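Chemist: The following file, structure.txt, comprises compact mmCIF, N, CA and C atoms:
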# COMPACT_ATOMS: atom_id res chain seq x y z
N MET I 1 2.52 -14.66 -0.97
CA MET I 1 2.70 -13.29 -0.53
C MET I 1 3.90 -12.66 -1.25
N LYS I 2 4.91 -13.46 -1.57
CA LYS I 2 6.08 -12.92 -2.25
C LYS I 2 5.70 -12.28 -3.58
N GLN I 3 4.84 -12.95 -4.34
CA GLN I 3 4.39 -12.40 -5.62
C GLN I 3 3.69 -11.06 -5.42
N ALA I 4 2.89 -10.96 -4.38
CA ALA I 4 2.18 -9.71 -4.09
C ALA I 4 3.15 -8.60 -3.73
N VAL I 5 4.14 -8.91 -2.92
CA VAL I 5 5.14 -7.91 -2.53
C VAL I 5 5.95 -7.48 -3.74
N ASP I 6 6.32 -8.44 -4.60
CA ASP I 6 7.06 -8.10 -5.82
C ASP I 6 6.23 -7.17 -6.71
N PHE I 7 4.96 -7.43 -6.83
CA PHE I 7 4.08 -6.61 -7.66
C PHE I 7 3.87 -5.23 -7.03
N HIS I 8 3.53 -5.22 -5.76
CA HIS I 8 3.14 -3.99 -5.07
C HIS I 8 4.34 -3.12 -4.67
N GLY I 9 5.45 -3.76 -4.36
CA GLY I 9 6.66 -3.02 -4.00
C GLY I 9 7.04 -3.07 -2.54
N HIS I 10 6.12 -3.45 -1.69
CA HIS I 10 6.43 -3.60 -0.26
C HIS I 10 5.31 -4.39 0.42
N LEU I 11 5.60 -4.85 1.63
CA LEU I 11 4.61 -5.59 2.41
C LEU I 11 3.89 -4.63 3.35
N GLY I 12 2.58 -4.66 3.30
CA GLY I 12 1.78 -3.82 4.19
C GLY I 12 0.47 -4.50 4.53
N PRO I 13 -0.17 -4.07 5.60
CA PRO I 13 -1.40 -4.73 6.05
C PRO I 13 -2.58 -4.59 5.08
N TYR I 14 -2.67 -3.50 4.36
CA TYR I 14 -3.80 -3.35 3.43
C TYR I 14 -3.64 -4.25 2.22
N LEU I 15 -2.41 -4.44 1.76
CA LEU I 15 -2.16 -5.40 0.68
C LEU I 15 -2.61 -6.79 1.12
N VAL I 16 -2.24 -7.17 2.33
CA VAL I 16 -2.61 -8.48 2.87
C VAL I 16 -4.12 -8.59 3.03
N LEU I 17 -4.77 -7.54 3.50
CA LEU I 17 -6.23 -7.58 3.61
C LEU I 17 -6.87 -7.86 2.26
N GLY I 18 -6.37 -7.23 1.22
CA GLY I 18 -6.90 -7.47 -0.12
C GLY I 18 -6.68 -8.90 -0.58
N LEU I 19 -5.49 -9.43 -0.30
CA LEU I 19 -5.21 -10.83 -0.66
C LEU I 19 -6.18 -11.78 0.03
N LEU I 20 -6.35 -11.58 1.34
CA LEU I 20 -7.23 -12.46 2.11
C LEU I 20 -8.70 -12.30 1.70
N MET I 21 -9.12 -11.07 1.48
CA MET I 21 -10.51 -10.83 1.07
C MET I 21 -10.82 -11.55 -0.23
N GLY I 22 -9.96 -11.36 -1.21
CA GLY I 22 -10.20 -11.97 -2.51
C GLY I 22 -10.20 -13.48 -2.45
N ASP I 23 -9.24 -14.04 -1.75
CA ASP I 23 -9.15 -15.49 -1.63
C ASP I 23 -10.38 -16.05 -0.91
N TYR I 24 -10.79 -15.39 0.16
CA TYR I 24 -11.96 -15.83 0.92
C TYR I 24 -13.22 -15.78 0.05
N ALA I 25 -13.38 -14.69 -0.71
CA ALA I 25 -14.57 -14.54 -1.55
C ALA I 25 -14.61 -15.61 -2.65
N LEU I 26 -13.48 -15.86 -3.30
CA LEU I 26 -13.45 -16.89 -4.34
C LEU I 26 -13.85 -18.25 -3.78
N THR I 27 -13.31 -18.57 -2.62
CA THR I 27 -13.60 -19.86 -1.99
C THR I 27 -15.06 -19.93 -1.56
N ARG I 28 -15.52 -18.90 -0.90
CA ARG I 28 -16.88 -18.88 -0.37
C ARG I 28 -17.93 -18.94 -1.48
N LEU I 29 -17.66 -18.24 -2.59
CA LEU I 29 -18.62 -18.20 -3.69
C LEU I 29 -18.39 -19.29 -4.73
N LYS I 30 -17.30 -20.04 -4.57
CA LYS I 30 -16.92 -21.05 -5.56
C LYS I 30 -16.87 -20.42 -6.96
N ALA I 31 -16.26 -19.24 -7.01
CA ALA I 31 -16.17 -18.49 -8.27
C ALA I 31 -14.85 -18.76 -8.96
N GLN I 32 -14.84 -18.55 -10.25
CA GLN I 32 -13.62 -18.67 -11.04
C GLN I 32 -12.91 -17.31 -11.03
N PRO I 33 -11.58 -17.33 -10.87
CA PRO I 33 -10.86 -16.06 -10.90
C PRO I 33 -10.85 -15.46 -12.32
N HIS I 34 -10.42 -14.25 -12.41
CA HIS I 34 -10.23 -13.50 -13.65
C HIS I 34 -11.52 -12.99 -14.27
N PHE I 35 -12.39 -13.86 -14.75
CA PHE I 35 -13.61 -13.41 -15.42
C PHE I 35 -14.88 -13.85 -14.69
N GLY I 36 -14.77 -14.72 -13.72
CA GLY I 36 -15.95 -15.25 -13.05
C GLY I 36 -16.41 -14.46 -11.85
N LEU I 37 -15.80 -13.30 -11.62
CA LEU I 37 -16.08 -12.53 -10.41
C LEU I 37 -16.10 -11.04 -10.75
N LYS I 38 -16.94 -10.30 -10.03
CA LYS I 38 -16.91 -8.83 -10.08
C LYS I 38 -16.69 -8.35 -8.65
N VAL I 39 -15.87 -7.32 -8.52
CA VAL I 39 -15.51 -6.79 -7.20
C VAL I 39 -15.79 -5.30 -7.14
N ARG I 40 -16.41 -4.89 -6.04
CA ARG I 40 -16.59 -3.47 -5.73
C ARG I 40 -16.02 -3.25 -4.34
N ALA I 41 -15.19 -2.20 -4.20
CA ALA I 41 -14.55 -1.92 -2.91
C ALA I 41 -14.81 -0.47 -2.50
N TRP I 42 -15.06 -0.27 -1.23
CA TRP I 42 -15.32 1.04 -0.67
C TRP I 42 -14.28 1.37 0.40
N GLY I 43 -14.04 2.65 0.58
CA GLY I 43 -13.14 3.11 1.63
C GLY I 43 -11.67 2.91 1.32
N VAL I 44 -11.35 2.76 0.04
CA VAL I 44 -9.97 2.48 -0.34
C VAL I 44 -9.46 3.49 -1.38
N LYS I 45 -9.98 4.70 -1.32
CA LYS I 45 -9.61 5.71 -2.31
C LYS I 45 -8.19 6.22 -2.10
N ASP I 46 -7.78 6.42 -0.86
CA ASP I 46 -6.49 7.04 -0.55
C ASP I 46 -5.51 6.04 0.06
N LYS I 47 -4.22 6.35 -0.08
CA LYS I 47 -3.17 5.53 0.54
C LYS I 47 -3.21 5.72 2.05
N PRO I 48 -2.91 4.72 2.80
CA PRO I 48 -2.47 3.39 2.44
C PRO I 48 -3.61 2.41 2.17
N MET I 49 -4.86 2.84 2.43
CA MET I 49 -5.99 1.92 2.25
C MET I 49 -6.11 1.43 0.80
N SER I 50 -5.71 2.27 -0.16
CA SER I 50 -5.82 1.89 -1.57
C SER I 50 -4.93 0.70 -1.92
N CYS I 51 -3.96 0.39 -1.08
CA CYS I 51 -3.10 -0.78 -1.32
C CYS I 51 -3.93 -2.07 -1.32
N LEU I 52 -5.08 -2.03 -0.66
CA LEU I 52 -5.98 -3.18 -0.64
C LEU I 52 -6.38 -3.60 -2.07
N ILE I 53 -6.50 -2.63 -2.97
CA ILE I 53 -6.89 -2.91 -4.35
C ILE I 53 -5.87 -3.82 -5.03
N ASP I 54 -4.58 -3.59 -4.79
CA ASP I 54 -3.57 -4.47 -5.39
C ASP I 54 -3.74 -5.90 -4.90
N GLY I 55 -4.01 -6.06 -3.61
CA GLY I 55 -4.24 -7.40 -3.07
C GLY I 55 -5.47 -8.06 -3.69
N LEU I 56 -6.53 -7.28 -3.88
CA LEU I 56 -7.73 -7.81 -4.51
C LEU I 56 -7.47 -8.24 -5.94
N GLN I 57 -6.74 -7.41 -6.68
CA GLN I 57 -6.46 -7.75 -8.08
C GLN I 57 -5.63 -9.03 -8.18
N LEU I 58 -4.63 -9.16 -7.31
CA LEU I 58 -3.77 -10.34 -7.37
C LEU I 58 -4.49 -11.61 -6.93
N SER I 59 -5.33 -11.50 -5.93
CA SER I 59 -5.98 -12.71 -5.41
C SER I 59 -7.18 -13.14 -6.24
N THR I 60 -7.82 -12.22 -6.95
CA THR I 60 -9.03 -12.56 -7.70
C THR I 60 -8.81 -12.61 -9.21
N GLY I 61 -7.79 -11.95 -9.68
CA GLY I 61 -7.59 -11.84 -11.11
C GLY I 61 -8.47 -10.77 -11.75
N CYS I 62 -9.28 -10.09 -10.94
CA CYS I 62 -10.08 -8.97 -11.44
C CYS I 62 -9.15 -7.77 -11.61
N THR I 63 -9.32 -7.04 -12.70
CA THR I 63 -8.46 -5.89 -12.95
C THR I 63 -9.25 -4.72 -13.50
N TYR I 64 -8.64 -3.54 -13.41
CA TYR I 64 -9.26 -2.35 -13.99
C TYR I 64 -9.32 -2.47 -15.50
N GLY I 65 -8.33 -3.11 -16.10
CA GLY I 65 -8.32 -3.29 -17.55
C GLY I 65 -9.51 -4.10 -18.05
N LYS I 66 -9.89 -5.14 -17.30
CA LYS I 66 -11.05 -5.96 -17.68
C LYS I 66 -12.36 -5.32 -17.23
N GLY I 67 -12.26 -4.35 -16.34
CA GLY I 67 -13.45 -3.65 -15.87
C GLY I 67 -14.26 -4.43 -14.86
N ASN I 68 -13.66 -5.45 -14.24
CA ASN I 68 -14.44 -6.22 -13.26
C ASN I 68 -14.04 -5.94 -11.82
N ILE I 69 -13.37 -4.79 -11.61
CA ILE I 69 -13.13 -4.30 -10.26
C ILE I 69 -13.31 -2.78 -10.28
N ARG I 70 -13.94 -2.26 -9.24
CA ARG I 70 -14.18 -0.82 -9.11
C ARG I 70 -13.95 -0.42 -7.66
N LYS I 71 -13.56 0.85 -7.47
CA LYS I 71 -13.44 1.37 -6.11
C LYS I 71 -14.28 2.62 -5.95
N TYR I 72 -14.79 2.79 -4.73
CA TYR I 72 -15.70 3.88 -4.41
C TYR I 72 -15.29 4.53 -3.11
N ASP I 73 -15.72 5.78 -2.94
CA ASP I 73 -15.51 6.45 -1.66
C ASP I 73 -16.32 5.73 -0.60
N GLY I 74 -15.85 5.81 0.61
CA GLY I 74 -16.58 5.21 1.72
C GLY I 74 -15.86 5.48 3.01
N LYS I 75 -16.61 5.52 4.07
CA LYS I 75 -16.03 5.79 5.38
C LYS I 75 -15.32 4.56 5.94
N PHE I 76 -15.80 3.38 5.58
CA PHE I 76 -15.24 2.13 6.10
C PHE I 76 -14.81 1.24 4.95
N ILE I 77 -13.83 0.39 5.21
CA ILE I 77 -13.37 -0.55 4.20
C ILE I 77 -14.33 -1.73 4.14
N LYS I 78 -14.83 -1.97 2.93
CA LYS I 78 -15.66 -3.14 2.68
C LYS I 78 -15.58 -3.46 1.20
N ALA I 79 -15.91 -4.69 0.87
CA ALA I 79 -15.90 -5.11 -0.53
C ALA I 79 -17.06 -6.04 -0.78
N SER I 80 -17.60 -5.96 -1.98
CA SER I 80 -18.69 -6.81 -2.41
C SER I 80 -18.20 -7.63 -3.60
N PHE I 81 -18.48 -8.92 -3.56
CA PHE I 81 -18.02 -9.86 -4.58
C PHE I 81 -19.23 -10.56 -5.18
N LEU I 82 -19.28 -10.62 -6.50
CA LEU I 82 -20.39 -11.27 -7.21
C LEU I 82 -19.83 -12.38 -8.09
N ASN I 83 -20.33 -13.60 -7.89
CA ASN I 83 -20.02 -14.71 -8.77
C ASN I 83 -20.84 -14.50 -10.04
N CYS I 84 -20.16 -14.29 -11.15
CA CYS I 84 -20.86 -13.98 -12.41
C CYS I 84 -21.66 -15.15 -12.96
N ASP I 85 -21.31 -16.36 -12.59
CA ASP I 85 -22.00 -17.53 -13.12
C ASP I 85 -23.31 -17.83 -12.40
N ASN I 86 -23.30 -17.82 -11.07
CA ASN I 86 -24.52 -18.18 -10.34
C ASN I 86 -25.18 -17.00 -9.62
N LYS I 87 -24.60 -15.82 -9.77
CA LYS I 87 -25.13 -14.56 -9.21
C LYS I 87 -25.15 -14.53 -7.69
N LYS I 88 -24.44 -15.44 -7.03
CA LYS I 88 -24.32 -15.37 -5.57
C LYS I 88 -23.30 -14.29 -5.23
N SER I 89 -23.49 -13.68 -4.06
CA SER I 89 -22.58 -12.62 -3.67
C SER I 89 -22.26 -12.71 -2.18
N VAL I 90 -21.17 -12.06 -1.82
CA VAL I 90 -20.80 -11.93 -0.43
C VAL I 90 -20.20 -10.54 -0.23
N ASP I 91 -20.56 -9.92 0.88
CA ASP I 91 -20.00 -8.63 1.27
C ASP I 91 -19.08 -8.86 2.46
N LEU I 92 -17.88 -8.31 2.38
CA LEU I 92 -16.92 -8.46 3.46
C LEU I 92 -16.54 -7.09 4.01
N SER I 93 -16.57 -6.98 5.32
CA SER I 93 -16.09 -5.76 5.98
C SER I 93 -15.04 -6.17 7.01
N VAL I 94 -14.18 -5.22 7.34
CA VAL I 94 -13.08 -5.48 8.26
C VAL I 94 -13.60 -5.36 9.69
N ARG I 95 -13.29 -6.35 10.50
CA ARG I 95 -13.71 -6.34 11.91
C ARG I 95 -13.08 -5.16 12.64
N SER I 96 -13.79 -4.65 13.64
CA SER I 96 -13.33 -3.47 14.38
C SER I 96 -12.00 -3.71 15.08
N LYS I 97 -11.74 -4.93 15.53
CA LYS I 97 -10.45 -5.19 16.19
C LYS I 97 -9.29 -5.05 15.21
N ILE I 98 -9.53 -5.37 13.94
CA ILE I 98 -8.49 -5.21 12.91
C ILE I 98 -8.32 -3.73 12.60
N THR I 99 -9.43 -3.00 12.49
CA THR I 99 -9.37 -1.56 12.26
C THR I 99 -8.58 -0.87 13.37
N LYS I 100 -8.80 -1.32 14.59
CA LYS I 100 -8.06 -0.75 15.72
C LYS I 100 -6.56 -1.05 15.59
N MET I 101 -6.23 -2.27 15.21
CA MET I 101 -4.82 -2.63 15.02
C MET I 101 -4.19 -1.78 13.92
N LEU I 102 -4.93 -1.54 12.84
CA LEU I 102 -4.43 -0.73 11.74
C LEU I 102 -4.16 0.71 12.18
N SER I 103 -5.01 1.23 13.05
CA SER I 103 -4.85 2.62 13.51
C SER I 103 -3.63 2.80 14.41
N GLN I 104 -3.11 1.71 14.93
CA GLN I 104 -1.96 1.78 15.84
C GLN I 104 -0.63 1.56 15.14
N VAL I 105 -0.65 1.41 13.82
CA VAL I 105 0.58 1.18 13.05
C VAL I 105 1.28 2.51 12.82
N HIS I 106 2.57 2.54 13.16
CA HIS I 106 3.39 3.72 12.93
C HIS I 106 4.74 3.27 12.43
N GLY I 107 5.02 3.53 11.19
CA GLY I 107 6.30 3.17 10.62
C GLY I 107 6.26 1.88 9.82
N HIS I 108 7.30 1.74 8.98
CA HIS I 108 7.37 0.62 8.05
C HIS I 108 7.49 -0.74 8.76
N LYS I 109 8.33 -0.84 9.76
CA LYS I 109 8.53 -2.11 10.46
C LYS I 109 7.24 -2.57 11.15
N SER I 110 6.57 -1.65 11.79
CA SER I 110 5.30 -1.95 12.45
C SER I 110 4.25 -2.40 11.42
N SER I 111 4.26 -1.76 10.27
CA SER I 111 3.34 -2.11 9.19
C SER I 111 3.60 -3.53 8.69
N GLU I 112 4.86 -3.87 8.47
CA GLU I 112 5.20 -5.23 8.02
C GLU I 112 4.82 -6.28 9.05
N ASN I 113 5.07 -5.98 10.32
CA ASN I 113 4.74 -6.93 11.38
C ASN I 113 3.24 -7.19 11.44
N LEU I 114 2.44 -6.14 11.32
CA LEU I 114 0.99 -6.31 11.33
C LEU I 114 0.53 -7.08 10.09
N ALA I 115 1.13 -6.81 8.95
CA ALA I 115 0.78 -7.52 7.72
C ALA I 115 1.00 -9.03 7.90
N ARG I 116 2.12 -9.40 8.46
CA ARG I 116 2.40 -10.83 8.69
C ARG I 116 1.41 -11.44 9.68
N LYS I 117 1.09 -10.68 10.71
CA LYS I 117 0.13 -11.16 11.72
C LYS I 117 -1.24 -11.40 11.08
N ILE I 118 -1.72 -10.44 10.29
CA ILE I 118 -3.02 -10.59 9.64
C ILE I 118 -2.99 -11.75 8.65
N PHE I 119 -1.90 -11.89 7.91
CA PHE I 119 -1.78 -12.96 6.92
C PHE I 119 -1.96 -14.34 7.55
N ASN I 120 -1.55 -14.48 8.80
CA ASN I 120 -1.63 -15.76 9.49
C ASN I 120 -2.93 -15.97 10.26
N MET I 121 -3.84 -15.01 10.18
CA MET I 121 -5.13 -15.13 10.86
C MET I 121 -6.14 -15.84 9.97
N GLN I 122 -7.16 -16.39 10.59
CA GLN I 122 -8.28 -16.98 9.87
C GLN I 122 -9.15 -15.85 9.32
N ALA I 123 -9.66 -16.01 8.12
CA ALA I 123 -10.48 -14.98 7.49
C ALA I 123 -11.67 -14.58 8.37
N GLU I 124 -12.26 -15.53 9.05
CA GLU I 124 -13.42 -15.24 9.91
C GLU I 124 -13.05 -14.33 11.07
N ASP I 125 -11.77 -14.31 11.45
CA ASP I 125 -11.31 -13.43 12.53
C ASP I 125 -10.96 -12.04 12.01
N VAL I 126 -10.87 -11.89 10.70
CA VAL I 126 -10.50 -10.62 10.09
C VAL I 126 -11.72 -9.90 9.52
N PHE I 127 -12.64 -10.66 8.94
CA PHE I 127 -13.77 -10.08 8.21
C PHE I 127 -15.12 -10.49 8.79
N ILE I 128 -16.08 -9.62 8.57
CA ILE I 128 -17.49 -9.95 8.79
C ILE I 128 -18.07 -10.21 7.41
N ALA I 129 -18.67 -11.37 7.23
CA ALA I 129 -19.23 -11.75 5.93
C ALA I 129 -20.75 -11.68 5.98
N LYS I 130 -21.33 -11.07 4.95
CA LYS I 130 -22.78 -11.03 4.79
C LYS I 130 -23.11 -11.60 3.43
N ILE I 131 -23.94 -12.63 3.44
CA ILE I 131 -24.35 -13.29 2.18
C ILE I 131 -25.58 -12.62 1.64
Now, as a test, write the supplied structure out as C-alpha cells.
Modeler:
Amino acid sequence: MKQAVDFHGHLGPYLVLGLLMGDYALTRLKAQPHFGLKVRAWGVKDKPMSCLIDGLQLSTGCTYGKGNIRKYDGKFIKASFLNCDNKKSVDLSVRSKITKMLSQVHGHKSSENLARKIFNMQAEDVFIAKI
C-alpha cells in the first residue's frame, strides 16, 4: 500500500478498491501482470472514483501507455478483466454495503480510515464476481 500511496499522493478508499480489484482478478484468472491482462472500468470518470484507476494500474501493471486499460462512463463502479492468454474473464462490481460506506465518507481522515478498513477486508466481502 505504501508504494500506491507514494505514487498516487494520498491514501483513499477508491485507490484501495483498485488495488484489491486488480490483485483479485490476477489471482482469480491466473493472469500475468503487465501484458497478460486487459482491464475495462466503468463509473470511474470523475474524482474521487477515478482514483480507482491508479490502484488498478499499480496492481495489474496495465497502463494507458500500453493501451491495456480503459475507462468508461457508468452509473456504478465495475471492472472487467480479460486474461489475454486463455481468454477467461471476470467482472467485478462493488457490493452495496461498500458503496454505502463510501457515501458516508466526509473528510480526509474519514477517507483514510475507510481505506484501511477496506484494505483489510476479504475480496469476496468487497466485490461481486461474475465469471
Chemist: Could you give me, as CSV, a per-residue list for segment 39-78 of chain I showing, wherever an atom lies at most 8 Å from an atom of segment 9-13 of chain I, the closest pair of atoms and their distance in Å to one decimal, using all atoms listed in the file and sorting by chain then residue number from low to high?
Modeler:
residue,atom,partner,partner_atom,distance
I:Pro48,C,I:Pro13,C,7.7
I:Met49,CA,I:Pro13,C,7.9
I:Cys51,C,I:Pro13,C,7.0
I:Leu52,N,I:Pro13,C,6.8
Chemist: Pick out each residue of segment 27-99 of chain I that DSSP on the backbone tags as helix (DSSP H, G or I); I need them as a list in words.
Modeler: Thr27, Arg28, Leu29, Cys51, Leu52, Ile53, Asp54, Gly55, Leu56, Gln57, Leu58, Ser59, Thr60, Ser96, Lys97, Ile98 and Thr99 of chain I
Chemist: What's the 7 Å shell around segment 84-93 of chain I, counting all atoms listed in the file, without same-chain residues fewer than 2 positions away, as a ChimeraX atom specification?
Modeler: /I:25,29,31-32,35-38,77-82,95-96,126-131
Chemist: Quick one: residues within 7 Å of segment 105-116 of chain I, only N, CA and C atoms, excluding same-chain residues fewer than 2 positions away - as number ranges by chain?
Modeler: I: 11-14, 16-17, 100-103, 118-121
Chemist: So that I can see what lies close to Met21 of chain I, please list as a list of chain:residue names the residues with an atom at most 8 Å from it, counting all atoms listed in the file and leaving out residues fewer than 2 positions away in the same chain.
Modeler: I:Leu15, I:Val16, I:Leu17, I:Gly18, I:Leu19, I:Asp23, I:Tyr24, I:Ala25, I:Leu26, I:Thr27, I:Gly55, I:Leu56, I:Ser59, I:Thr60, I:Leu92, I:Ala123, I:Phe127
Chemist: In Å, with one decimal, what is the gap from atom CA of Gly22 of chain I to atom CA of Arg40 of chain I?
Modeler: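 Separation of atom CA of Gly22 of chain I and atom CA of Arg40 of chain I: 11.1 Å.
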Chemist: May I have the residues within 7 Å of Gly43 of chain I as a compact mmCIF listing (two decimals) with N, CA and C atoms, in the frame of the given file, using only C-alpha atoms and disregarding those fewer than 5 positions away in the same chain?
Modeler:
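Produced file part_19.txt, reproduced below:
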# COMPACT_ATOMS: atom_id res chain seq x y z
N TYR I 72 -14.79 2.79 -4.73
CA TYR I 72 -15.70 3.88 -4.41
C TYR I 72 -15.29 4.53 -3.11
N ASP I 73 -15.72 5.78 -2.94
CA ASP I 73 -15.51 6.45 -1.66
C ASP I 73 -16.32 5.73 -0.60
N GLY I 74 -15.85 5.81 0.61
CA GLY I 74 -16.58 5.21 1.72
C GLY I 74 -15.86 5.48 3.01
N LYS I 75 -16.61 5.52 4.07
CA LYS I 75 -16.03 5.79 5.38
C LYS I 75 -15.32 4.56 5.94
N PHE I 76 -15.80 3.38 5.58
CA PHE I 76 -15.24 2.13 6.10
C PHE I 76 -14.81 1.24 4.95
N ILE I 77 -13.83 0.39 5.21
CA ILE I 77 -13.37 -0.55 4.20
C ILE I 77 -14.33 -1.73 4.14
N LYS I 78 -14.83 -1.97 2.93
CA LYS I 78 -15.66 -3.14 2.68
C LYS I 78 -15.58 -3.46 1.20
Chemist: Write down as a compact mmCIF listing (two decimals) with N, CA and C atoms, in the frame of the given file the residues of segment 27-128 of chain I whose backbone DSSP state falls under strand (DSSP E or B).
Modeler:
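result_31.txt, written as the output of this step:
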# COMPACT_ATOMS: atom_id res chain seq x y z
N LEU I 37 -15.80 -13.30 -11.62
CA LEU I 37 -16.08 -12.53 -10.41
C LEU I 37 -16.10 -11.04 -10.75
N LYS I 38 -16.94 -10.30 -10.03
CA LYS I 38 -16.91 -8.83 -10.08
C LYS I 38 -16.69 -8.35 -8.65
N VAL I 39 -15.87 -7.32 -8.52
CA VAL I 39 -15.51 -6.79 -7.20
C VAL I 39 -15.79 -5.30 -7.14
N ARG I 40 -16.41 -4.89 -6.04
CA ARG I 40 -16.59 -3.47 -5.73
C ARG I 40 -16.02 -3.25 -4.34
N ALA I 41 -15.19 -2.20 -4.20
CA ALA I 41 -14.55 -1.92 -2.91
C ALA I 41 -14.81 -0.47 -2.50
N TRP I 42 -15.06 -0.27 -1.23
CA TRP I 42 -15.32 1.04 -0.67
C TRP I 42 -14.28 1.37 0.40
N ILE I 69 -13.37 -4.79 -11.61
CA ILE I 69 -13.13 -4.30 -10.26
C ILE I 69 -13.31 -2.78 -10.28
N ARG I 70 -13.94 -2.26 -9.24
CA ARG I 70 -14.18 -0.82 -9.11
C ARG I 70 -13.95 -0.42 -7.66
N LYS I 71 -13.56 0.85 -7.47
CA LYS I 71 -13.44 1.37 -6.11
C LYS I 71 -14.28 2.62 -5.95
N TYR I 72 -14.79 2.79 -4.73
CA TYR I 72 -15.70 3.88 -4.41
C TYR I 72 -15.29 4.53 -3.11
N LYS I 78 -14.83 -1.97 2.93
CA LYS I 78 -15.66 -3.14 2.68
C LYS I 78 -15.58 -3.46 1.20
N ALA I 79 -15.91 -4.69 0.87
CA ALA I 79 -15.90 -5.11 -0.53
C ALA I 79 -17.06 -6.04 -0.78
N SER I 80 -17.60 -5.96 -1.98
CA SER I 80 -18.69 -6.81 -2.41
C SER I 80 -18.20 -7.63 -3.60
N PHE I 81 -18.48 -8.92 -3.56
CA PHE I 81 -18.02 -9.86 -4.58
C PHE I 81 -19.23 -10.56 -5.18
N LEU I 82 -19.28 -10.62 -6.50
CA LEU I 82 -20.39 -11.27 -7.21
C LEU I 82 -19.83 -12.38 -8.09
N ASN I 83 -20.33 -13.60 -7.89
CA ASN I 83 -20.02 -14.71 -8.77
C ASN I 83 -20.84 -14.50 -10.04
N SER I 89 -23.49 -13.68 -4.06
CA SER I 89 -22.58 -12.62 -3.67
C SER I 89 -22.26 -12.71 -2.18
N VAL I 90 -21.17 -12.06 -1.82
CA VAL I 90 -20.80 -11.93 -0.43
C VAL I 90 -20.20 -10.54 -0.23
N ASP I 91 -20.56 -9.92 0.88
CA ASP I 91 -20.00 -8.63 1.27
C ASP I 91 -19.08 -8.86 2.46
N LEU I 92 -17.88 -8.31 2.38
CA LEU I 92 -16.92 -8.46 3.46
C LEU I 92 -16.54 -7.09 4.01
N SER I 93 -16.57 -6.98 5.32
CA SER I 93 -16.09 -5.76 5.98
C SER I 93 -15.04 -6.17 7.01
N VAL I 94 -14.18 -5.22 7.34
CA VAL I 94 -13.08 -5.48 8.26
C VAL I 94 -13.60 -5.36 9.69
N PHE I 127 -12.64 -10.66 8.94
CA PHE I 127 -13.77 -10.08 8.21
C PHE I 127 -15.12 -10.49 8.79
N ILE I 128 -16.08 -9.62 8.57
CA ILE I 128 -17.49 -9.95 8.79
C ILE I 128 -18.07 -10.21 7.41
Chemist: Give me, please, the distance in Å between atom CA of Gly61 of chain I and atom CA of Lys97 of chain I, quoted to one decimal.
Modeler: 28.2 Å
Chemist: Can you take segment 68-81 of chain I from the block and write N, CA and C atoms as a PDB file, in the first residue's frame?
Modeler:
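Contents of part-v5.pdb, freshly written:
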ATOM      1  N   ASN I  68      -3.687  -1.224 -22.411  1.00  0.00           N
ATOM      2  CA  ASN I  68      -4.433  -2.390 -21.920  1.00  0.00           C
ATOM      3  C   ASN I  68      -5.314  -2.076 -20.716  1.00  0.00           C
ATOM      4  N   ILE I  69      -5.608  -0.786 -20.523  1.00  0.00           N
ATOM      5  CA  ILE I  69      -6.615  -0.372 -19.549  1.00  0.00           C
ATOM      6  C   ILE I  69      -7.404   0.779 -20.158  1.00  0.00           C
ATOM      7  N   ARG I  70      -8.711   0.754 -19.946  1.00  0.00           N
ATOM      8  CA  ARG I  70      -9.604   1.796 -20.461  1.00  0.00           C
ATOM      9  C   ARG I  70     -10.643   2.118 -19.393  1.00  0.00           C
ATOM     10  N   LYS I  71     -11.143   3.360 -19.425  1.00  0.00           N
ATOM     11  CA  LYS I  71     -12.233   3.719 -18.522  1.00  0.00           C
ATOM     12  C   LYS I  71     -13.404   4.271 -19.316  1.00  0.00           C
ATOM     13  N   TYR I  72     -14.600   4.012 -18.785  1.00  0.00           N
ATOM     14  CA  TYR I  72     -15.838   4.368 -19.459  1.00  0.00           C
ATOM     15  C   TYR I  72     -16.790   5.010 -18.466  1.00  0.00           C
ATOM     16  N   ASP I  73     -17.733   5.782 -18.999  1.00  0.00           N
ATOM     17  CA  ASP I  73     -18.789   6.324 -18.158  1.00  0.00           C
ATOM     18  C   ASP I  73     -19.639   5.177 -17.646  1.00  0.00           C
ATOM     19  N   GLY I  74     -20.223   5.378 -16.507  1.00  0.00           N
ATOM     20  CA  GLY I  74     -21.114   4.375 -15.945  1.00  0.00           C
ATOM     21  C   GLY I  74     -21.705   4.870 -14.651  1.00  0.00           C
ATOM     22  N   LYS I  75     -22.865   4.378 -14.345  1.00  0.00           N
ATOM     23  CA  LYS I  75     -23.552   4.794 -13.128  1.00  0.00           C
ATOM     24  C   LYS I  75     -22.951   4.118 -11.899  1.00  0.00           C
ATOM     25  N   PHE I  76     -22.433   2.907 -12.070  1.00  0.00           N
ATOM     26  CA  PHE I  76     -21.885   2.139 -10.961  1.00  0.00           C
ATOM     27  C   PHE I  76     -20.448   1.752 -11.257  1.00  0.00           C
ATOM     28  N   ILE I  77     -19.676   1.564 -10.200  1.00  0.00           N
ATOM     29  CA  ILE I  77     -18.289   1.141 -10.356  1.00  0.00           C
ATOM     30  C   ILE I  77     -18.244  -0.355 -10.606  1.00  0.00           C
ATOM     31  N   LYS I  78     -17.600  -0.707 -11.717  1.00  0.00           N
ATOM     32  CA  LYS I  78     -17.365  -2.114 -12.027  1.00  0.00           C
ATOM     33  C   LYS I  78     -16.163  -2.187 -12.950  1.00  0.00           C
ATOM     34  N   ALA I  79     -15.556  -3.350 -13.002  1.00  0.00           N
ATOM     35  CA  ALA I  79     -14.410  -3.551 -13.889  1.00  0.00           C
ATOM     36  C   ALA I  79     -14.466  -4.944 -14.468  1.00  0.00           C
ATOM     37  N   SER I  80     -13.997  -5.054 -15.695  1.00  0.00           N
ATOM     38  CA  SER I  80     -13.934  -6.317 -16.404  1.00  0.00           C
ATOM     39  C   SER I  80     -12.468  -6.606 -16.707  1.00  0.00           C
ATOM     40  N   PHE I  81     -12.056  -7.832 -16.438  1.00  0.00           N
ATOM     41  CA  PHE I  81     -10.666  -8.248 -16.608  1.00  0.00           C
ATOM     42  C   PHE I  81     -10.627  -9.435 -17.549  1.00  0.00           C
TER      43      PHE I  81
END
